[in-house]
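S.K.: My structure is below; once you've seen it, I'll send some questions.
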Amino acid sequence: EAGVAQSPRYKIIEKRQSVAFWCNPISGHATLYWYQQILGQGPKLLIQFQNNGVVDDSQLPKDRFSAERLKGVDSTLKIQPAKLEDSAVYLCASMGQPYEQYFGPGTRLTVT
Amino acid sequence: GQNIDQPTEMTATEGAIVQINCTYQTSGFNGLFWYQQHAGEAPTFLSYNVLDGLEEKGRFSSFLSRSKGYSYLLLKELQMKDSASYLCAVRVPYGQNFVFGPGTRLSVLP
């Protein structure tokens with residue numbers, strides 16, 4: 001079974017630029033999560049999708065972050081414009097039944 | 001609010017036993033999860049508790065007391081490859097989301 005795929009693995013941008021991350025979950029997994037993990041901290045949920053609908057985006061900074069999951073399969077997370085404090089690893093995870101999350105390798109973003 | 005606490009760092013010797021504690025205060029509870037995360041890698045699932053008591057899985061065991069808001073992960077016969085961060089996470093009813101603790105960085109010394 002193929003795992004969760006993410007790209008790119010690394011990205012360096014200047015502040016105020018925009019960036020997009022892509023995630024392809026495990027086939028058949030209806031639930032998809034995006035997390036932000038700052039160095040030395042645990043993952044923080046940004047947004048949760050169930051199929052192509054948003055379940056929870058209460059911690060997503062909506063003035064600069066957006067995410068979509070068209071067709072209920074792969075998903076993109078965008079930051080526009082980026083700030084220095086957005087430097088982190090962005091993890092995508094998917095969940096089938098009943099409760100186990102599978103994480104992708106993550107995208108390490110550095111904002112200079 | 002949601003609050004999960006874990007020790008920041010722990011050190012243990014190869015072959016020993018180590019217990020990593022986790023306390024939580026969350027709006028609801030639908031299970032407690034432990035993940036292992038090696039440096040620069042994604043978290044991987046270790047264990048899951050939804051009822052009080054001990055769950056054993058090879059060298060790893062996890063304990064839960066819901067009344068105390070407390071869990072621990074027990075690692076036996078430590079190996080060098082167990083050096084990693086261990087994340088405690090609570091699944092909350094709203095949206096069935098996961099709230100993660102800050103993680104405990106474990107160093108296993110020879």
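Here's how to read the names in the structure tokens: chain A, B, ... by the order shown, residue numbers from 1 in each chain, ligand numbers from 1 in the order shown.
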Might you pull out every residue within 8 Å of stretch 83-91 of chain A, with only C-alpha atoms counted and same-chain residues fewer than 5 positions away left off, and present them as a list in words?

M.R.: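 Here the qualifying residues turn out to be Lys15, Arg16, Trp34, Tyr35, Gln36, Gln37, Ile38, Leu39, Pro43, Phe103, Gly104, Pro105, Gly106, Thr107, Arg108, Leu109, Thr110, Val111 and Thr112 of chain A; Ala42 of chain B.
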
S.K.: Skip A:Phe21 itself and residues of its chain fewer than 5 positions away, then list as JSON, numbers by chain all residues within 9 Å of it, counting only C-alpha atoms.

M.R.: {"A": [6, 7, 8, 75, 76, 77, 78, 79, 90, 107]}

S.K.: Save out the residues we just selected, C-alpha atoms, as a tab-separated table (two decimals), in the first residue's frame.

M.R.:
chain	number	residue	atom	x	y	z
A	6	GLN	CA	3.89	15.17	-0.24
A	7	SER	CA	5.81	17.62	-2.38
A	8	PRO	CA	8.02	19.47	-2.38
A	75	SER	CA	-5.06	18.50	-1.40
A	76	THR	CA	-3.08	21.71	-1.62
A	77	LEU	CA	-2.12	24.13	1.15
A	78	LYS	CA	-1.11	27.66	0.19
A	79	ILE	CA	0.51	30.49	2.09
A	90	TYR	CA	4.05	21.07	7.08
A	107	THR	CA	7.55	19.74	3.58

S.K.: Among chain B, which ones does DSSP assign to strand (DSSP E or B) (computed from the backbone)? Answer as a PyMOL selection string.

M.R.: chain B and resi 3-5+9-13+18-25+32-37+44-49+53-57+60-65+70-75+84-92+97-100+104-109

S.K.: Write out as JSON, numbers by chain every residue belonging to chain B that has an atom at most 6 Å from any atom of chain A, counting only C-alpha atoms.

M.R.: {"B": [42, 100, 101, 102, 103]}

S.K.: What's the 12 Å shell around B:Gly53, counting only C-alpha atoms, without same-chain residues fewer than 3 positions away, as a ChimeraX atom specification?

M.R.: /B:32,48-50,56,61-67,70-73

S.K.: Would you write out those residues with all heavy atoms, as a compact mmCIF listing (two decimals), in the first residue's frame?

M.R.:
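selection-v6.txt, written as the output of this step:
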# COMPACT_ATOMS: atom_id res chain seq x y z
N LEU B 32 -6.39 8.18 23.46
CA LEU B 32 -5.05 8.74 23.61
C LEU B 32 -4.08 7.94 22.76
O LEU B 32 -4.11 6.70 22.78
CB LEU B 32 -4.61 8.73 25.07
CG LEU B 32 -3.30 9.51 25.30
CD1 LEU B 32 -3.42 10.42 26.50
CD2 LEU B 32 -2.11 8.61 25.39
N TYR B 48 -2.50 3.05 21.08
CA TYR B 48 -3.79 3.71 21.24
C TYR B 48 -4.48 3.15 22.47
O TYR B 48 -4.56 1.93 22.65
CB TYR B 48 -4.62 3.43 19.99
CG TYR B 48 -6.10 3.68 20.07
CD1 TYR B 48 -6.59 4.96 20.32
CD2 TYR B 48 -7.00 2.65 19.86
CE1 TYR B 48 -7.95 5.20 20.36
CE2 TYR B 48 -8.37 2.88 19.90
CZ TYR B 48 -8.84 4.16 20.15
OH TYR B 48 -10.18 4.39 20.18
N ASN B 49 -4.97 4.05 23.34
CA ASN B 49 -5.76 3.65 24.50
C ASN B 49 -7.05 4.43 24.50
O ASN B 49 -7.02 5.66 24.36
CB ASN B 49 -5.02 3.96 25.82
CG ASN B 49 -3.74 3.19 26.00
OD1 ASN B 49 -2.75 3.42 25.31
ND2 ASN B 49 -3.74 2.27 26.94
N VAL B 50 -8.16 3.75 24.70
CA VAL B 50 -9.43 4.46 24.86
C VAL B 50 -10.07 4.09 26.20
O VAL B 50 -10.83 4.88 26.76
CB VAL B 50 -10.39 4.18 23.68
CG1 VAL B 50 -10.82 2.73 23.65
CG2 VAL B 50 -11.56 5.12 23.69
N GLU B 56 -0.28 -3.62 25.73
CA GLU B 56 1.10 -4.04 25.47
C GLU B 56 1.27 -4.42 24.01
O GLU B 56 0.42 -5.09 23.42
CB GLU B 56 1.47 -5.22 26.38
CG GLU B 56 1.42 -4.85 27.85
CD GLU B 56 1.96 -5.94 28.76
OE1 GLU B 56 3.19 -6.09 28.84
OE2 GLU B 56 1.15 -6.64 29.39
N SER B 61 4.58 -0.46 25.79
CA SER B 61 3.30 -0.56 26.49
C SER B 61 2.80 0.84 26.74
O SER B 61 3.60 1.77 26.94
CB SER B 61 3.45 -1.27 27.83
OG SER B 61 4.00 -2.55 27.68
N SER B 62 1.48 1.00 26.75
CA SER B 62 0.92 2.31 27.07
C SER B 62 -0.20 2.13 28.08
O SER B 62 -0.99 1.18 27.99
CB SER B 62 0.42 3.02 25.81
OG SER B 62 -0.53 2.25 25.13
N PHE B 63 -0.26 3.06 29.02
CA PHE B 63 -1.22 3.00 30.11
C PHE B 63 -2.08 4.26 30.08
O PHE B 63 -1.61 5.34 29.73
CB PHE B 63 -0.48 2.92 31.45
CG PHE B 63 -1.38 3.07 32.64
CD1 PHE B 63 -2.08 1.98 33.13
CD2 PHE B 63 -1.53 4.30 33.27
CE1 PHE B 63 -2.91 2.10 34.23
CE2 PHE B 63 -2.36 4.44 34.38
CZ PHE B 63 -3.05 3.34 34.85
N LEU B 64 -3.34 4.09 30.46
CA LEU B 64 -4.25 5.23 30.50
C LEU B 64 -5.07 5.21 31.78
O LEU B 64 -5.60 4.15 32.18
CB LEU B 64 -5.21 5.20 29.31
CG LEU B 64 -6.32 6.25 29.29
CD1 LEU B 64 -5.74 7.66 29.12
CD2 LEU B 64 -7.33 5.94 28.19
N SER B 65 -5.21 6.40 32.41
CA SER B 65 -6.17 6.62 33.48
C SER B 65 -6.98 7.85 33.10
O SER B 65 -6.49 8.99 33.17
CB SER B 65 -5.47 6.86 34.82
OG SER B 65 -6.40 7.32 35.79
N ARG B 66 -8.20 7.64 32.67
CA ARG B 66 -9.04 8.75 32.22
C ARG B 66 -9.44 9.66 33.38
O ARG B 66 -9.50 10.88 33.23
CB ARG B 66 -10.29 8.22 31.52
CG ARG B 66 -10.00 7.62 30.14
CD ARG B 66 -11.23 6.94 29.58
NE ARG B 66 -11.61 5.80 30.41
CZ ARG B 66 -12.76 5.16 30.27
NH1 ARG B 66 -13.65 5.53 29.36
NH2 ARG B 66 -13.04 4.12 31.04
N SER B 67 -9.66 9.10 34.55
CA SER B 67 -10.07 9.92 35.69
C SER B 67 -8.96 10.88 36.12
O SER B 67 -9.23 11.97 36.62
CB SER B 67 -10.48 9.03 36.87
OG SER B 67 -9.39 8.25 37.32
N TYR B 70 -4.23 11.03 32.61
CA TYR B 70 -2.82 10.64 32.66
C TYR B 70 -2.58 9.40 31.80
O TYR B 70 -3.38 8.46 31.78
CB TYR B 70 -2.46 10.35 34.11
CG TYR B 70 -1.13 9.67 34.34
CD1 TYR B 70 0.06 10.34 34.11
CD2 TYR B 70 -1.08 8.35 34.79
CE1 TYR B 70 1.27 9.70 34.33
CE2 TYR B 70 0.12 7.71 35.01
CZ TYR B 70 1.30 8.39 34.79
OH TYR B 70 2.50 7.77 35.00
N SER B 71 -1.45 9.42 31.14
CA SER B 71 -1.01 8.26 30.37
C SER B 71 0.50 8.15 30.48
O SER B 71 1.20 9.13 30.77
CB SER B 71 -1.41 8.43 28.90
OG SER B 71 -0.87 7.40 28.10
N TYR B 72 1.01 6.97 30.24
CA TYR B 72 2.45 6.82 30.08
C TYR B 72 2.75 5.80 29.01
O TYR B 72 1.96 4.91 28.73
CB TYR B 72 3.17 6.47 31.39
CG TYR B 72 2.88 5.10 31.99
CD1 TYR B 72 3.37 3.93 31.42
CD2 TYR B 72 2.13 4.98 33.16
CE1 TYR B 72 3.11 2.69 31.98
CE2 TYR B 72 1.87 3.75 33.73
CZ TYR B 72 2.36 2.61 33.13
OH TYR B 72 2.10 1.37 33.69
N LEU B 73 3.91 6.00 28.41
CA LEU B 73 4.46 5.05 27.43
C LEU B 73 5.67 4.41 28.08
O LEU B 73 6.56 5.10 28.58
CB LEU B 73 4.87 5.78 26.15
CG LEU B 73 5.46 4.93 25.03
CD1 LEU B 73 4.38 4.02 24.43
CD2 LEU B 73 6.07 5.81 23.94

S.K.: Need the shell around B:Phe60: protein/DNA/RNA residues with any atom at most 9 Å away, counting only C-alpha atoms. Skip same-chain ones fewer than 5 positions apart. Format as number ranges by chain?

M.R.: B: 46-47, 55, 73-76

S.K.: Please write the residues from the selection above to a file, keeping all heavy atoms, as a PDB file, in the first residue's frame.

M.R.:
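Okay, part-v4.pdb is ready:
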ATOM      1  N   LEU B  46       2.334   4.444  17.355  1.00  0.00           N
ATOM      2  CA  LEU B  46       2.839   3.402  18.257  1.00  0.00           C
ATOM      3  C   LEU B  46       1.711   2.669  18.971  1.00  0.00           C
ATOM      4  O   LEU B  46       1.695   1.443  19.016  1.00  0.00           O
ATOM      5  CB  LEU B  46       3.758   4.015  19.329  1.00  0.00           C
ATOM      6  CG  LEU B  46       5.148   4.456  18.923  1.00  0.00           C
ATOM      7  CD1 LEU B  46       5.856   5.073  20.117  1.00  0.00           C
ATOM      8  CD2 LEU B  46       5.943   3.293  18.351  1.00  0.00           C
ATOM      9  N   SER B  47       0.800   3.443  19.599  1.00  0.00           N
ATOM     10  CA  SER B  47      -0.217   2.784  20.415  1.00  0.00           C
ATOM     11  C   SER B  47      -1.429   3.673  20.595  1.00  0.00           C
ATOM     12  O   SER B  47      -1.386   4.874  20.322  1.00  0.00           O
ATOM     13  CB  SER B  47       0.348   2.421  21.783  1.00  0.00           C
ATOM     14  OG  SER B  47       0.557   3.597  22.538  1.00  0.00           O
ATOM     15  N   GLU B  55      -2.012  -1.348  27.641  1.00  0.00           N
ATOM     16  CA  GLU B  55      -1.991  -2.004  26.334  1.00  0.00           C
ATOM     17  C   GLU B  55      -0.541  -2.348  26.026  1.00  0.00           C
ATOM     18  O   GLU B  55       0.315  -1.477  26.054  1.00  0.00           O
ATOM     19  CB  GLU B  55      -2.527  -1.066  25.244  1.00  0.00           C
ATOM     20  CG  GLU B  55      -4.004  -0.742  25.348  1.00  0.00           C
ATOM     21  CD  GLU B  55      -4.874  -1.888  24.863  1.00  0.00           C
ATOM     22  OE1 GLU B  55      -4.376  -2.744  24.118  1.00  0.00           O
ATOM     23  OE2 GLU B  55      -6.067  -1.908  25.247  1.00  0.00           O
ATOM     24  N   LEU B  73       3.912   5.996  28.405  1.00  0.00           N
ATOM     25  CA  LEU B  73       4.456   5.048  27.431  1.00  0.00           C
ATOM     26  C   LEU B  73       5.674   4.407  28.075  1.00  0.00           C
ATOM     27  O   LEU B  73       6.559   5.101  28.577  1.00  0.00           O
ATOM     28  CB  LEU B  73       4.865   5.778  26.148  1.00  0.00           C
ATOM     29  CG  LEU B  73       5.463   4.925  25.032  1.00  0.00           C
ATOM     30  CD1 LEU B  73       4.381   4.017  24.430  1.00  0.00           C
ATOM     31  CD2 LEU B  73       6.074   5.808  23.943  1.00  0.00           C
ATOM     32  N   LEU B  74       5.688   3.080  28.083  1.00  0.00           N
ATOM     33  CA  LEU B  74       6.785   2.332  28.691  1.00  0.00           C
ATOM     34  C   LEU B  74       7.577   1.641  27.591  1.00  0.00           C
ATOM     35  O   LEU B  74       7.001   0.905  26.786  1.00  0.00           O
ATOM     36  CB  LEU B  74       6.228   1.297  29.661  1.00  0.00           C
ATOM     37  CG  LEU B  74       7.204   0.651  30.641  1.00  0.00           C
ATOM     38  CD1 LEU B  74       7.648   1.675  31.684  1.00  0.00           C
ATOM     39  CD2 LEU B  74       6.549  -0.538  31.343  1.00  0.00           C
ATOM     40  N   LEU B  75       8.854   1.905  27.550  1.00  0.00           N
ATOM     41  CA  LEU B  75       9.714   1.273  26.564  1.00  0.00           C
ATOM     42  C   LEU B  75      10.695   0.357  27.294  1.00  0.00           C
ATOM     43  O   LEU B  75      11.445   0.793  28.168  1.00  0.00           O
ATOM     44  CB  LEU B  75      10.513   2.311  25.770  1.00  0.00           C
ATOM     45  CG  LEU B  75       9.753   3.218  24.811  1.00  0.00           C
ATOM     46  CD1 LEU B  75       9.026   4.328  25.533  1.00  0.00           C
ATOM     47  CD2 LEU B  75      10.711   3.811  23.776  1.00  0.00           C
ATOM     48  N   LYS B  76      10.700  -0.915  26.927  1.00  0.00           N
ATOM     49  CA  LYS B  76      11.565  -1.889  27.577  1.00  0.00           C
ATOM     50  C   LYS B  76      12.726  -2.257  26.659  1.00  0.00           C
ATOM     51  O   LYS B  76      12.667  -2.059  25.441  1.00  0.00           O
ATOM     52  CB  LYS B  76      10.775  -3.165  27.896  1.00  0.00           C
ATOM     53  CG  LYS B  76       9.567  -2.951  28.768  1.00  0.00           C
ATOM     54  CD  LYS B  76       8.784  -4.253  28.926  1.00  0.00           C
ATOM     55  CE  LYS B  76       7.468  -4.024  29.634  1.00  0.00           C
ATOM     56  NZ  LYS B  76       6.614  -5.237  29.665  1.00  0.00           N
TER      57      LYS B  76
END
